[in-house]
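**Student:** This one is run_4.csv, CSV, C-alpha atoms and all ligand atoms.
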chain,number,residue,atom,x,y,z
D,273,MET,CA,-8.7,6.3,14.3
D,274,ALA,CA,-5.6,4.3,13.8
D,275,THR,CA,-5.6,1.0,15.7
D,276,PRO,CA,-4.4,1.7,19.3
D,277,GLY,CA,-0.7,1.0,19.6
D,278,VAL,CA,-0.2,0.9,15.8
D,279,ARG,CA,2.0,3.5,14.2
D,280,PRO,CA,0.3,4.7,11.0
D,281,LEU,CA,2.1,4.4,7.6
D,282,ILE,CA,1.7,7.0,4.8
D,283,ALA,CA,3.0,5.4,1.6
D,284,GLY,CA,3.5,7.1,-1.7
D,285,ASN,CA,3.1,5.0,-4.9
D,286,TRP,CA,4.8,7.1,-7.6
D,287,LYS,CA,3.8,4.6,-10.3
D,288,MET,CA,5.5,5.1,-13.7
D,289,ASN,CA,6.3,8.8,-13.2
D,290,GLY,CA,9.3,11.1,-13.0
D,291,SER,CA,12.9,11.2,-14.0
D,292,THR,CA,16.2,10.9,-12.2
D,293,ALA,CA,16.1,14.6,-11.3
D,294,GLU,CA,12.4,14.6,-10.4
D,295,ALA,CA,12.7,11.6,-8.2
D,296,ALA,CA,15.6,13.1,-6.4
D,297,ALA,CA,13.8,16.4,-5.9
D,298,LEU,CA,10.6,14.8,-4.7
D,299,ALA,CA,12.4,12.5,-2.3
D,300,GLY,CA,14.4,15.4,-1.0
D,301,ALA,CA,11.4,17.5,-0.4
D,302,VAL,CA,9.6,14.7,1.4
D,303,ALA,CA,12.6,14.1,3.7
D,304,ALA,CA,13.0,17.8,4.4
D,305,GLY,CA,9.3,18.1,5.4
D,306,ALA,CA,9.0,14.9,7.4
D,307,GLY,CA,7.9,15.5,10.9
D,308,PRO,CA,7.1,13.3,13.9
D,309,GLY,CA,4.0,11.1,13.5
D,310,PRO,CA,3.4,8.4,10.9
D,311,ASP,CA,6.0,6.2,9.2
D,312,LEU,CA,6.7,7.6,5.8
D,313,LEU,CA,7.4,5.5,2.7
D,314,VAL,CA,8.0,6.4,-1.0
D,315,CYS,CA,7.9,3.8,-3.8
D,316,PRO,CA,9.6,5.1,-6.9
D,317,PRO,CA,9.9,3.3,-10.3
D,318,PHE,CA,12.6,0.6,-10.3
D,319,PRO,CA,15.3,2.7,-12.1
D,320,TYR,CA,15.1,5.4,-9.5
D,321,LEU,CA,15.0,3.2,-6.5
D,322,PRO,CA,18.8,2.9,-5.8
D,323,GLY,CA,19.2,6.7,-6.1
D,324,VAL,CA,16.3,7.5,-3.9
D,325,ALA,CA,17.3,4.9,-1.4
D,326,ALA,CA,20.8,6.4,-1.2
D,327,ALA,CA,19.5,9.9,-0.9
D,328,LEU,CA,17.1,8.9,1.9
D,329,ALA,CA,19.7,6.8,3.9
D,330,GLY,CA,19.5,8.0,7.5
D,331,LYS,CA,16.4,10.0,6.8
D,332,PRO,CA,13.0,9.2,8.3
D,333,VAL,CA,11.5,8.1,5.0
D,334,ALA,CA,11.6,4.5,3.9
D,335,VAL,CA,11.9,3.3,0.3
D,336,GLY,CA,9.8,0.6,-1.4
D,337,ALA,CA,9.2,-0.9,-4.8
D,338,GLN,CA,5.9,-1.4,-6.6
D,339,ASP,CA,6.2,-5.0,-7.5
D,340,CYS,CA,8.6,-8.0,-7.4
D,341,HIS,CA,8.9,-11.4,-9.0
D,342,ALA,CA,8.1,-14.6,-7.1
D,343,ALA,CA,11.4,-16.1,-7.8
D,344,ALA,CA,14.7,-15.0,-6.3
D,345,LYS,CA,16.6,-15.2,-9.6
D,346,GLY,CA,16.5,-16.8,-13.0
D,347,ALA,CA,15.3,-16.6,-16.5
D,348,HIS,CA,12.6,-13.9,-16.1
D,349,THR,CA,13.4,-11.2,-18.7
D,350,GLY,CA,12.4,-7.8,-17.5
D,351,ASP,CA,11.5,-8.8,-14.0
D,352,VAL,CA,13.0,-7.8,-10.7
D,353,SER,CA,13.4,-10.1,-7.6
D,354,ALA,CA,12.8,-9.3,-4.0
D,355,PRO,CA,16.4,-9.9,-3.0
D,356,MET,CA,17.4,-7.4,-5.7
D,357,LEU,CA,15.1,-4.8,-4.2
D,358,LYS,CA,16.5,-5.5,-0.7
D,359,ASP,CA,20.0,-5.2,-2.2
D,360,VAL,CA,19.4,-1.6,-3.5
D,361,GLY,CA,17.9,-0.4,-0.3
D,362,ALA,CA,14.2,-1.1,-0.4
D,363,THR,CA,12.5,-2.2,2.8
D,364,TYR,CA,8.9,-2.5,1.5
D,365,VAL,CA,7.2,-3.7,-1.7
D,366,ILE,CA,3.7,-3.0,-2.9
D,367,LEU,CA,2.1,-6.2,-4.2
D,368,GLY,CA,-1.2,-7.0,-5.9
D,369,HIS,CA,-2.0,-3.4,-6.9
D,370,SER,CA,-5.2,-3.4,-9.0
D,371,GLU,CA,-3.2,-2.0,-11.9
D,372,ARG,CA,-1.0,-5.1,-11.8
D,373,ARG,CA,-3.9,-7.4,-11.3
D,374,ALA,CA,-5.7,-5.9,-14.3
D,375,ASN,CA,-2.8,-5.1,-16.6
D,376,HIS,CA,-0.6,-8.1,-15.9
D,377,ALA,CA,-3.3,-10.6,-15.1
D,378,GLU,CA,-2.0,-11.2,-11.5
D,379,THR,CA,-4.2,-13.7,-9.7
D,380,ASP,CA,-4.5,-14.0,-5.9
D,381,ALA,CA,-2.2,-17.0,-6.1
D,382,ALA,CA,0.5,-15.0,-8.0
D,383,VAL,CA,0.2,-12.2,-5.4
D,384,ARG,CA,0.6,-14.8,-2.6
D,385,ALA,CA,3.7,-16.2,-4.2
D,386,LYS,CA,5.2,-12.7,-4.6
D,387,THR,CA,4.3,-11.9,-1.0
D,388,GLU,CA,6.1,-15.1,0.1
D,389,ALA,CA,9.2,-14.0,-1.9
D,390,ALA,CA,9.1,-10.6,-0.3
D,391,LEU,CA,8.9,-12.1,3.2
D,392,ALA,CA,11.8,-14.4,2.4
D,393,ALA,CA,13.9,-11.5,1.3
D,394,GLY,CA,13.1,-9.5,4.5
D,395,LEU,CA,10.9,-7.0,2.8
D,396,THR,CA,7.6,-5.8,4.3
D,397,PRO,CA,4.8,-6.5,1.8
D,398,ILE,CA,1.9,-4.1,1.3
D,399,VAL,CA,-0.8,-6.3,-0.2
D,400,CYS,CA,-3.5,-4.5,-2.1
D,401,VAL,CA,-7.2,-5.6,-2.2
D,402,GLY,CA,-10.3,-3.9,-3.5
D,403,GLU,CA,-13.5,-4.3,-5.4
D,404,SER,CA,-14.4,-3.0,-8.9
D,405,GLU,CA,-17.3,-0.6,-9.3
D,406,ALA,CA,-19.5,-3.3,-10.6
D,407,GLU,CA,-18.8,-5.4,-7.5
D,408,ARG,CA,-19.5,-2.5,-5.2
D,409,LEU,CA,-22.8,-1.8,-7.0
D,410,ALA,CA,-23.7,-5.5,-6.7
D,411,GLY,CA,-23.1,-5.4,-2.9
D,412,GLU,CA,-20.1,-7.7,-3.2
D,413,ALA,CA,-17.3,-5.4,-2.0
D,414,GLU,CA,-16.7,-7.1,1.3
D,415,ALA,CA,-17.0,-10.6,-0.1
D,416,VAL,CA,-14.5,-9.7,-2.9
D,417,VAL,CA,-12.0,-8.2,-0.4
D,418,THR,CA,-12.3,-11.2,1.9
D,419,SER,CA,-11.7,-13.6,-0.9
D,420,GLN,CA,-8.7,-11.6,-2.1
D,421,LEU,CA,-7.2,-11.6,1.4
D,422,ASP,CA,-7.7,-15.3,1.8
D,423,GLY,CA,-6.0,-16.0,-1.5
D,424,SER,CA,-3.2,-13.4,-1.4
D,425,LEU,CA,-1.8,-13.6,2.1
D,426,PRO,CA,0.6,-16.3,3.0
D,427,ASP,CA,0.8,-17.9,6.4
D,428,GLY,CA,3.8,-15.9,7.5
D,429,PHE,CA,2.3,-12.6,6.7
D,430,ALA,CA,1.2,-11.5,10.2
D,431,ALA,CA,4.4,-12.6,12.0
D,432,ALA,CA,6.4,-10.5,9.6
D,433,GLY,CA,4.2,-7.4,10.1
D,434,GLY,CA,2.8,-7.3,6.6
D,435,VAL,CA,0.5,-4.4,5.6
D,436,VAL,CA,-2.9,-4.6,3.9
D,437,ALA,CA,-4.1,-1.8,1.6
D,438,TYR,CA,-7.8,-1.5,0.9
D,439,GLU,CA,-8.0,0.2,-2.5
D,440,PRO,CA,-11.4,0.2,-4.2
D,441,VAL,CA,-10.5,0.0,-7.9
D,442,TRP,CA,-13.0,2.6,-8.9
D,443,ALA,CA,-11.5,5.1,-6.5
D,444,ILE,CA,-8.0,5.0,-7.8
D,445,GLY,CA,-7.0,8.1,-9.8
D,446,THR,CA,-10.7,9.1,-10.2
D,447,GLY,CA,-11.2,11.7,-7.5
D,448,ARG,CA,-14.0,9.5,-6.2
D,449,THR,CA,-14.0,7.8,-2.8
D,450,PRO,CA,-16.3,5.5,-0.9
D,451,THR,CA,-18.3,7.2,1.9
D,452,GLU,CA,-16.7,7.2,5.3
D,453,ALA,CA,-19.2,4.6,6.5
D,454,GLU,CA,-18.3,2.4,3.5
D,455,ILE,CA,-14.5,2.7,4.2
D,456,ALA,CA,-15.1,1.9,7.9
D,457,ALA,CA,-17.2,-1.1,7.0
D,458,VAL,CA,-14.6,-2.7,4.7
D,459,HIS,CA,-11.7,-1.9,7.1
D,460,ALA,CA,-13.7,-3.6,9.9
D,461,THR,CA,-14.2,-6.6,7.7
D,462,ILE,CA,-10.5,-6.8,6.9
D,463,ARG,CA,-9.6,-6.5,10.5
D,464,ALA,CA,-12.0,-9.3,11.5
D,465,ARG,CA,-10.6,-11.5,8.8
D,466,LEU,CA,-7.0,-10.8,9.8
D,467,VAL,CA,-7.8,-11.7,13.5
D,468,ALA,CA,-9.7,-14.8,12.5
D,469,ARG,CA,-6.8,-16.0,10.5
D,470,PHE,CA,-3.8,-14.8,12.4
D,471,GLY,CA,-5.1,-14.3,16.0
D,472,ALA,CA,-3.8,-11.4,18.1
D,473,ALA,CA,-1.1,-10.6,15.5
D,474,GLY,CA,-3.9,-9.8,13.0
D,475,GLY,CA,-5.2,-7.2,15.4
D,476,GLY,CA,-2.0,-5.2,15.2
D,477,LEU,CA,-1.4,-5.2,11.4
D,478,ARG,CA,-1.7,-2.0,9.6
D,479,ILE,CA,-4.6,-1.6,7.2
D,480,LEU,CA,-4.2,1.4,4.8
D,481,TYR,CA,-6.8,3.1,2.7
D,482,GLY,CA,-6.0,4.0,-0.9
D,483,GLY,CA,-7.9,5.7,-3.6
D,484,SER,CA,-8.0,9.4,-4.3
D,485,MET,CA,-6.8,10.3,-0.9
D,486,LYS,CA,-5.7,14.0,-0.7
D,487,PRO,CA,-5.2,16.6,1.9
D,488,SER,CA,-8.9,17.7,1.8
D,489,ASN,CA,-10.3,14.2,2.6
D,490,ALA,CA,-7.4,12.7,4.6
D,491,VAL,CA,-8.4,14.1,8.0
D,492,ALA,CA,-11.8,12.4,7.8
D,493,ILE,CA,-10.5,9.1,6.3
D,494,LEU,CA,-7.6,8.8,8.7
D,495,ALA,CA,-9.9,9.4,11.7
D,496,LEU,CA,-11.9,6.2,10.9
D,497,ALA,CA,-11.5,3.1,13.0
D,498,ASN,CA,-9.0,0.5,11.6
D,499,VAL,CA,-7.6,3.0,9.1
D,500,ASP,CA,-3.9,2.9,9.9
D,501,GLY,CA,-2.6,5.1,7.2
D,502,GLY,CA,-2.8,5.6,3.5
D,503,LEU,CA,-1.5,4.4,0.1
D,504,ILE,CA,-1.3,7.5,-1.9
D,505,GLY,CA,-0.9,7.7,-5.7
D,506,GLY,CA,-1.4,11.0,-7.4
D,507,ALA,CA,-1.1,13.2,-4.3
D,508,SER,CA,2.3,11.5,-3.5
D,509,LEU,CA,3.8,13.2,-6.5
D,510,VAL,CA,3.4,16.6,-4.9
D,511,ALA,CA,5.5,16.8,-1.8
D,512,ALA,CA,3.4,19.4,0.0
D,513,ASP,CA,0.2,17.3,-0.5
D,514,PHE,CA,1.9,14.1,0.6
D,515,LEU,CA,3.3,15.8,3.7
D,516,ALA,CA,-0.2,17.3,4.4
D,517,ILE,CA,-1.6,13.8,4.4
D,518,ALA,CA,1.1,12.7,6.8
D,519,GLN,CA,0.2,15.6,9.1
D,520,ALA,CA,-3.4,14.5,9.0
D,521,ALA,CA,-2.3,11.0,10.1
D,522,ALA,CA,-0.2,12.6,12.9
D,523,ALA,CA,-3.2,14.5,14.1
D,524,ALA,CA,-5.7,11.6,13.8
D,525,PRO,CA,-7.1,10.3,17.2
D,526,ARG,CA,-5.6,7.1,18.3
D,601,LIG,C1,-2.9,4.0,-5.9
D,601,LIG,O1,-2.8,3.7,-7.1
D,601,LIG,O2,-2.4,3.2,-5.1
D,601,LIG,C2,-3.7,5.1,-5.5
D,601,LIG,C3,-4.2,5.2,-4.3
D,601,LIG,O3,-3.8,6.1,-6.5
D,601,LIG,P1,-4.6,7.5,-6.3
D,601,LIG,O4,-4.2,8.1,-4.9
D,601,LIG,O5,-4.1,8.4,-7.4
D,601,LIG,O6,-6.0,7.3,-6.4
Starting from the file, lay out its structure as structure tokens.
**Tutor:**
Amino acid sequence: MATPGVRPLIAGNWKMNGSTAEAAALAGAVAAGAGPGPDLLVCPPFPYLPGVAAALAGKPVAVGAQDCHAAAKGAHTGDVSAPMLKDVGATYVILGHSERRANHAETDAAVRAKTEAALAAGLTPIVCVGESEAERLAGEAEAVVTSQLDGSLPDGFAAAGGVVAYEPVWAIGTGRTPTEAEIAAVHATIRARLVARFGAAGGGLRILYGGSMKPSNAVAILALANVDGGLIGGASLVAADFLAIAQAAAAAPR
């Protein structure tokens, strides 16, 4: 059950997939099928972001990026800044995804700096947290997530309406998911931590679930307390699947 008064968000993380033509076709199909209900967001790879943003202008689908640098400009070869993302039409940015934490050695402090940069540029950050399989098996999932939240979220996060995504690393792209009780428990822990840190504003922030969400499990997951939408990887590359998840969010009790 999405948090009362909170509009769910269904966000697609396209990762490093597609071409100019495929990005245009996917964005067009999502826009054509968008109905009332959750906020919709697609996050294409950097090169396709301006084209997708232009194609979706005026449509009920927002556009976001998958990362940004902590600096606004400068000698950072190959990087992209938050103001640049804003300039080409992005309104959201995913930060601290586990693939970036693992493949680019991003620490909580680095994610926090990037999140501050996103907020300064007027972007809505989606900050990802989640435990590894070993941490889950050791009973450390909630401690890990709490520590990541504390280290990754800057003070201005709640006032700017930042989004948290709970993404267990072992569930990403594997077809495996935690049980509904496990998802609900971690989301409750995240909510409590957000309220403890940010007060009432923390009670209204969106907490997304991500990790092998698909049409067949979305109805049950999106019905859980404190699940305010989803961050979707593989299923976001198929418009019909992404839209079916959005419909599940629209139908979830609130
Ligand atoms: C992700 O990488 O953010 C994700 C949730 O991927 P998938 O849906 O493919 O597990």
**Student:** When you count all atoms listed in the file, which of these residues is closest to Glu378 of chain D: D:Ser404, D:Ala344, D:Val352, D:Gln420?
**Tutor:** D:Gln420
**Student:** Using all atoms listed in the file for the distances, tell me which of D:Ile366, D:Ala329, D:Ala301, D:Ala443 is nearest to ligand LIG 601 (chain D).
**Tutor:**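 Checking each of D:Ile366, D:Ala329, D:Ala301, D:Ala443 against ligand LIG 601 (chain D), counting all atoms listed in the file, the winner is D:Ala443.
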**Student:** Please compute the atom CA of Ser370 of chain D-atom C1 of ligand LIG 601 (chain D) distance, one decimal, in Å.
**Tutor:**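 So the two atoms, atom CA of Ser370 of chain D and atom C1 of ligand LIG 601 (chain D), lie 8.3 Å apart.
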**Student:** For a test of reading the model, state the distance in Å between atom CA of Asp500 of chain D and atom CA of Gly361 of chain D, rounded to one decimal.
**Tutor:**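 Separation between atom CA of Asp500 of chain D and atom CA of Gly361 of chain D: 24.3 Å.
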**Student:** One decimal, in Å: what's the spacing between atom CA of Val416 of chain D and atom CA of Asp380 of chain D?
**Tutor:**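 Atom CA of Asp380 of chain D lies at a distance of 11.3 Å from atom CA of Val416 of chain D.
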**Student:** Box for segment 390-395 of chain D - axis-aligned, 5 Å on each of the six sides, all listed atoms - centre and size in Å to one decimal, as lines of an AutoDock Vina configuration file.
**Tutor:**
center_x = 11.4
center_y = -10.7
center_z = 2.1
size_x = 15.0
size_y = 17.4
size_z = 14.8
**Student:** Write as an mmCIF file with C-alpha atoms, in the coordinates of the input the residues around ligand LIG 601 (chain D), taking 8 Å as the cut-off and counting only C-alpha atoms and all ligand atoms.
**Tutor:**
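Okay, result29.cif is ready:
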data_model
loop_
_atom_site.group_PDB
_atom_site.id
_atom_site.type_symbol
_atom_site.label_atom_id
_atom_site.label_comp_id
_atom_site.auth_asym_id
_atom_site.auth_seq_id
_atom_site.Cartn_x
_atom_site.Cartn_y
_atom_site.Cartn_z
ATOM 1 C CA GLY D 284 3.500 7.100 -1.700
ATOM 2 C CA ASN D 285 3.100 5.000 -4.900
ATOM 3 C CA LYS D 287 3.800 4.600 -10.300
ATOM 4 C CA HIS D 369 -2.000 -3.400 -6.900
ATOM 5 C CA SER D 370 -5.200 -3.400 -9.000
ATOM 6 C CA GLU D 371 -3.200 -2.000 -11.900
ATOM 7 C CA GLU D 439 -8.000 0.200 -2.500
ATOM 8 C CA ALA D 443 -11.500 5.100 -6.500
ATOM 9 C CA ILE D 444 -8.000 5.000 -7.800
ATOM 10 C CA GLY D 445 -7.000 8.100 -9.800
ATOM 11 C CA THR D 446 -10.700 9.100 -10.200
ATOM 12 C CA GLY D 447 -11.200 11.700 -7.500
ATOM 13 C CA TYR D 481 -6.800 3.100 2.700
ATOM 14 C CA GLY D 482 -6.000 4.000 -0.900
ATOM 15 C CA GLY D 483 -7.900 5.700 -3.600
ATOM 16 C CA SER D 484 -8.000 9.400 -4.300
ATOM 17 C CA MET D 485 -6.800 10.300 -0.900
ATOM 18 C CA LYS D 486 -5.700 14.000 -0.700
ATOM 19 C CA GLY D 502 -2.800 5.600 3.500
ATOM 20 C CA LEU D 503 -1.500 4.400 0.100
ATOM 21 C CA ILE D 504 -1.300 7.500 -1.900
ATOM 22 C CA GLY D 505 -0.900 7.700 -5.700
ATOM 23 C CA GLY D 506 -1.400 11.000 -7.400
ATOM 24 C CA ALA D 507 -1.100 13.200 -4.300
ATOM 25 C CA SER D 508 2.300 11.500 -3.500
#
**Student:** Near Gly277 of chain D, counting all atoms listed in the file, which residues have an atom at most 12 Å away, once you skip same-chain residues fewer than 5 positions from it, shown as number ranges by chain?
**Tutor:** D: 475-478, 498, 500, 525-526
**Student:** Emit the selected residues as a PDB file, in the frame of the given file, including C-alpha atoms.
**Tutor:**
ATOM      1  CA  GLY D 475      -5.200  -7.200  15.400  1.00  0.00           C
ATOM      2  CA  GLY D 476      -2.000  -5.200  15.200  1.00  0.00           C
ATOM      3  CA  LEU D 477      -1.400  -5.200  11.400  1.00  0.00           C
ATOM      4  CA  ARG D 478      -1.700  -2.000   9.600  1.00  0.00           C
ATOM      5  CA  ASN D 498      -9.000   0.500  11.600  1.00  0.00           C
ATOM      6  CA  ASP D 500      -3.900   2.900   9.900  1.00  0.00           C
ATOM      7  CA  PRO D 525      -7.100  10.300  17.200  1.00  0.00           C
ATOM      8  CA  ARG D 526      -5.600   7.100  18.300  1.00  0.00           C
TER       9      ARG D 526
END
**Student:** From the list D:Ala432, D:Leu480, D:Val360, D:Cys340, which residue is nearest Gly402 of chain D when using all atoms listed in the file?
**Tutor:** D:Leu480
**Student:** Kindly write segment 353-379 of chain D with N, CA, C and O atoms to a file, as a CSV table (one decimal), in the first residue's frame.
**Tutor:**
chain,number,residue,atom,x,y,z
D,353,SER,N,27.7,16.3,-15.5
D,353,SER,CA,27.2,17.0,-14.3
D,353,SER,C,25.7,17.1,-14.2
D,353,SER,O,25.0,17.0,-15.2
D,354,ALA,N,25.3,17.4,-13.0
D,354,ALA,CA,23.8,17.5,-12.7
D,354,ALA,C,23.3,18.7,-13.5
D,354,ALA,O,22.2,18.6,-14.1
D,355,PRO,N,23.9,19.9,-13.6
D,355,PRO,CA,23.4,21.0,-14.4
D,355,PRO,C,23.3,20.6,-15.9
D,355,PRO,O,22.3,21.1,-16.5
D,356,MET,N,24.2,19.8,-16.4
D,356,MET,CA,24.1,19.3,-17.8
D,356,MET,C,22.8,18.5,-18.0
D,356,MET,O,22.1,18.6,-19.0
D,357,LEU,N,22.6,17.6,-17.0
D,357,LEU,CA,21.4,16.8,-17.1
D,357,LEU,C,20.1,17.6,-17.1
D,357,LEU,O,19.2,17.4,-17.9
D,358,LYS,N,20.1,18.6,-16.2
D,358,LYS,CA,19.0,19.5,-16.2
D,358,LYS,C,18.8,20.2,-17.5
D,358,LYS,O,17.7,20.4,-18.0
D,359,ASP,N,19.9,20.6,-18.1
D,359,ASP,CA,19.9,21.4,-19.3
D,359,ASP,C,19.3,20.7,-20.5
D,359,ASP,O,18.7,21.2,-21.4
D,360,VAL,N,19.5,19.3,-20.5
D,360,VAL,CA,18.9,18.5,-21.6
D,360,VAL,C,17.6,17.9,-21.3
D,360,VAL,O,17.1,17.1,-22.0
D,361,GLY,N,17.0,18.3,-20.2
D,361,GLY,CA,15.6,17.9,-19.9
D,361,GLY,C,15.3,16.9,-18.9
D,361,GLY,O,14.2,16.5,-18.7
D,362,ALA,N,16.4,16.5,-18.2
D,362,ALA,CA,16.2,15.5,-17.1
D,362,ALA,C,15.6,16.2,-15.9
D,362,ALA,O,15.9,17.4,-15.6
D,363,THR,N,14.7,15.5,-15.2
D,363,THR,CA,14.2,16.1,-13.9
D,363,THR,C,14.6,15.2,-12.7
D,363,THR,O,14.4,15.6,-11.6
D,364,TYR,N,15.0,13.9,-13.0
D,364,TYR,CA,15.4,13.0,-11.9
D,364,TYR,C,16.8,12.5,-12.2
D,364,TYR,O,17.3,12.5,-13.4
D,365,VAL,N,17.5,11.9,-11.2
D,365,VAL,CA,18.7,11.2,-11.5
D,365,VAL,C,18.8,10.1,-10.4
D,365,VAL,O,18.6,10.3,-9.3
D,366,ILE,N,19.1,8.9,-10.9
D,366,ILE,CA,19.4,7.7,-10.1
D,366,ILE,C,20.8,7.8,-9.6
D,366,ILE,O,21.7,8.1,-10.3
D,367,LEU,N,21.0,7.6,-8.3
D,367,LEU,CA,22.3,7.7,-7.7
D,367,LEU,C,22.6,6.6,-6.7
D,367,LEU,O,21.6,6.1,-6.0
D,368,GLY,N,23.8,6.1,-6.7
D,368,GLY,CA,24.2,5.1,-5.8
D,368,GLY,C,23.6,3.7,-6.1
D,368,GLY,O,23.5,2.8,-5.3
D,369,HIS,N,23.3,3.5,-7.4
D,369,HIS,CA,22.8,2.2,-7.8
D,369,HIS,C,23.9,1.2,-7.5
D,369,HIS,O,25.1,1.5,-7.6
D,370,SER,N,23.5,0.0,-7.1
D,370,SER,CA,24.5,-1.0,-6.7
D,370,SER,C,25.5,-1.3,-7.8
D,370,SER,O,26.7,-1.7,-7.5
D,371,GLU,N,25.1,-1.2,-9.0
D,371,GLU,CA,26.1,-1.5,-10.1
D,371,GLU,C,27.2,-0.4,-10.1
D,371,GLU,O,28.3,-0.6,-10.4
D,372,ARG,N,26.8,0.8,-9.8
D,372,ARG,CA,27.8,1.9,-9.7
D,372,ARG,C,28.6,1.8,-8.4
D,372,ARG,O,29.8,2.0,-8.4
D,373,ARG,N,27.9,1.4,-7.3
D,373,ARG,CA,28.7,1.2,-6.1
D,373,ARG,C,29.7,0.1,-6.3
D,373,ARG,O,30.9,0.2,-5.8
D,374,ALA,N,29.4,-1.0,-7.0
D,374,ALA,CA,30.3,-2.1,-7.2
D,374,ALA,C,31.3,-1.9,-8.3
D,374,ALA,O,32.5,-2.1,-8.1
D,375,ASN,N,30.8,-1.4,-9.4
D,375,ASN,CA,31.7,-1.3,-10.6
D,375,ASN,C,32.6,0.0,-10.6
D,375,ASN,O,33.6,0.1,-11.3
D,376,HIS,N,32.1,1.0,-9.9
D,376,HIS,CA,32.9,2.3,-9.8
D,376,HIS,C,33.3,2.7,-8.4
D,376,HIS,O,33.6,3.8,-8.2
D,377,ALA,N,33.2,1.7,-7.5
D,377,ALA,CA,33.7,1.9,-6.2
D,377,ALA,C,33.0,3.1,-5.5
D,377,ALA,O,33.7,3.9,-4.8
D,378,GLU,N,31.8,3.4,-5.8
D,378,GLU,CA,31.1,4.5,-5.2
D,378,GLU,C,30.8,4.3,-3.7
D,378,GLU,O,30.1,3.3,-3.4
D,379,THR,N,31.3,5.1,-2.8
D,379,THR,CA,31.1,5.0,-1.4
D,379,THR,C,29.8,5.8,-1.0
D,379,THR,O,29.3,6.6,-1.8
